Amino acid sequence: HFARVGRVPGDPILGLMDAFRLDTNPTKLDLGVGVYKDARGLTPIPQAVKLAEQRLVDLETTKTYVGGHGDAAFGRLLIDLVLGTGNRLEAAGRVGATQTPGGTGALRLAAEFIARNLPGRRVWLSDPTWPIHETLFAAVGVEVGHYPYVDAGNRLDIEAMLAALDQVPLGDVVLLHACCHNPTGFDLSQADWQRVLDVVKRRELLPLIDFAYQGFGDGLEQDAWAVRLFAEALPEVLVTSSCSKNFGLYRERTGALIVCAEDSEKLTDVRSQLAFHARNLWSTPPAHGAAVVATILGDASLKAQWVKELEGMRKRVADLRLGLVEALQPYGLAERFAHIGEQRGMFSYTGLSPEQVARLRAEFSVYMVSTGRANVAGLDFSRIQDLAKAIAAVC
Ligand code: PLP
Ligand code: TYF
């Protein structure tokens with residue numbers, strides 16, 4: 001049976017983790033996979049999560065299945081977090097959340113919905129984007145196209161992006177990163193978003209907004225600005241929300257597909273389809289992470305604690321960015337790498353070439369994705385000088 005089964009290569013980003021683990025250099029530095037790290041190089045469990053988990057141990061009464069759309073309280077609280085408390089869509093019964101195994105599960109469910117319920121639509125991805133976006137739509141037989149995002153000089157190219165979107169076939173799906181663009185770290189300004197919205201309206205596109213880093217850009221509310229703009233202005237929007245990074249819940253696989261529909265009747269139709277597809281994919285979602293999030297968001301003091309911890313993570317990454325640019329100053333490289341301080345979230349498209357990335361790894365045990373993407377959160381203040389020196393050596 002298996003004689004003709006060949007091999008596919010592993011995920012190059014996750015593969016970096018294995019290579020890093022095997023490296024015996026004591027000064028090795030992991031700027032690869034996109035997880036937050038603290039000063040000790042650990043990916044911590046937030047205190048708010050620990051406290052919520054303790055509460056759940058005491059209060060949980062059953063492990064029976066949750067419904068197809070998951071934990072209803074989680075869904076409502078997440079909609080508030082994403083669209084704002086008291087948003088008009090909720091009042092009008094136009095928005096619903098389906099709990100999924102992480103943001104990836106939400107993307108897969110959206111892909112399934114597009115493949116089966118919106119046949120013939122292509123999905124347009126930024127070039128570059130998170131590699132899983134490429135393979136995930138291919139896996140359900142949805143064709144992807146690309147719109148440019150950065151220019152040859154490693155800067156956001158909004159004009160090229162808009163021009164390309166203006167050529168997209170009417171009615172197609174466009175995948176947008178709400179904030180903290182992976183892999184580049186370049187985000188759109190509010191004025192840019194307004195222009196993207198205009199094109200989306202003109203071409204009657206369905207926006208699929210990937211929201212994996214809420215709170216890591218400029219703040220919880222600020223990062224939701226574009227999502228809320230689109231949800232207010234358009235009859236139909238899909239949002240994939242992940243609680244992996246902002247709640248530190250990575251392995252608990254916590255997220256949701258949020259659907260905004262024209263009216264409550266249509267929302268019910270769409271949600272029936274999502275529950276059907278979810279049944280075929282994973283039946284019902286894992287409960288623990290969503291219960292943790294619902295416990296935190298539903299309790300004023302736990303929520304305040306979490307907001308403070310998330311703010312700490314956000315500030316740390318922002319300060320590391322500025323620290324690195326400053327450390328490159330003595331080498332005459334501050335200007336060349338000034339974009340590192342302007343980008344948002346964990347990732348930076350540094351502009352380093354694959355050859356330079358390979359040298360950083362071979363000569364300094366500094367690990368980053370071959371495209372030149374660095375996870376700034378993997379850096380520490382005690383290692384900034386070393387990294388600046390290594391970068392200068394390969395430039
Ligand atoms: N979308 C983007 C852009 C990401 O970087 C990630 C990160 O892992 C995800 C979605 C999915 O996150 P998860 O499935 O771990 O919640
Ligand atoms: O881009 C990243 O590094 C994160 C983590 O298959 C990740 O989004 C990377 C690859 C993958 C799953 C998660």
# chains A, B, ... in the order shown; residues from 1 in each chain; ligands from 1

$ residues_near_ligand --ligand "ligand 1" --cutoff "8 Å" --atoms "only C-alpha atoms and all ligand atoms" --output "PyMOL selection string"
chain A and resi 34+101-107+129-130+133+177+181-183+210-213+240-245+250-251+253-255

$ residues_near_ligand --ligand "ligand 2" --cutoff "8 Å" --atoms "only C-alpha atoms and all ligand atoms" --output "PyMOL selection string"
chain A and resi 11-14+32-35+130-132+182-183+375

$ atom_distance --atom1 "atom CA of Leu257 of chain A" --atom2 "atom CA of Thr98 of chain A"
5.2 Å

$ residues_around --residues "Ala275 of chain A" --least-positions-apart "4" --cutoff "10 Å" --atoms "only C-alpha atoms" --output "ChimeraX atom specification"
/A:67-70,98-99,109,270-271,279-281,283-284

$ atom_distance --atom1 "atom CA of Leu297 of chain A" --atom2 "atom CA of Arg108 of chain A"
25.4 Å

$ residues_around --residues "Gln214 of chain A" --least-positions-apart "5" --cutoff "8 Å" --atoms "only C-alpha atoms" --output "PyMOL selection string"
chain A and resi 179+219-220+223-224+246
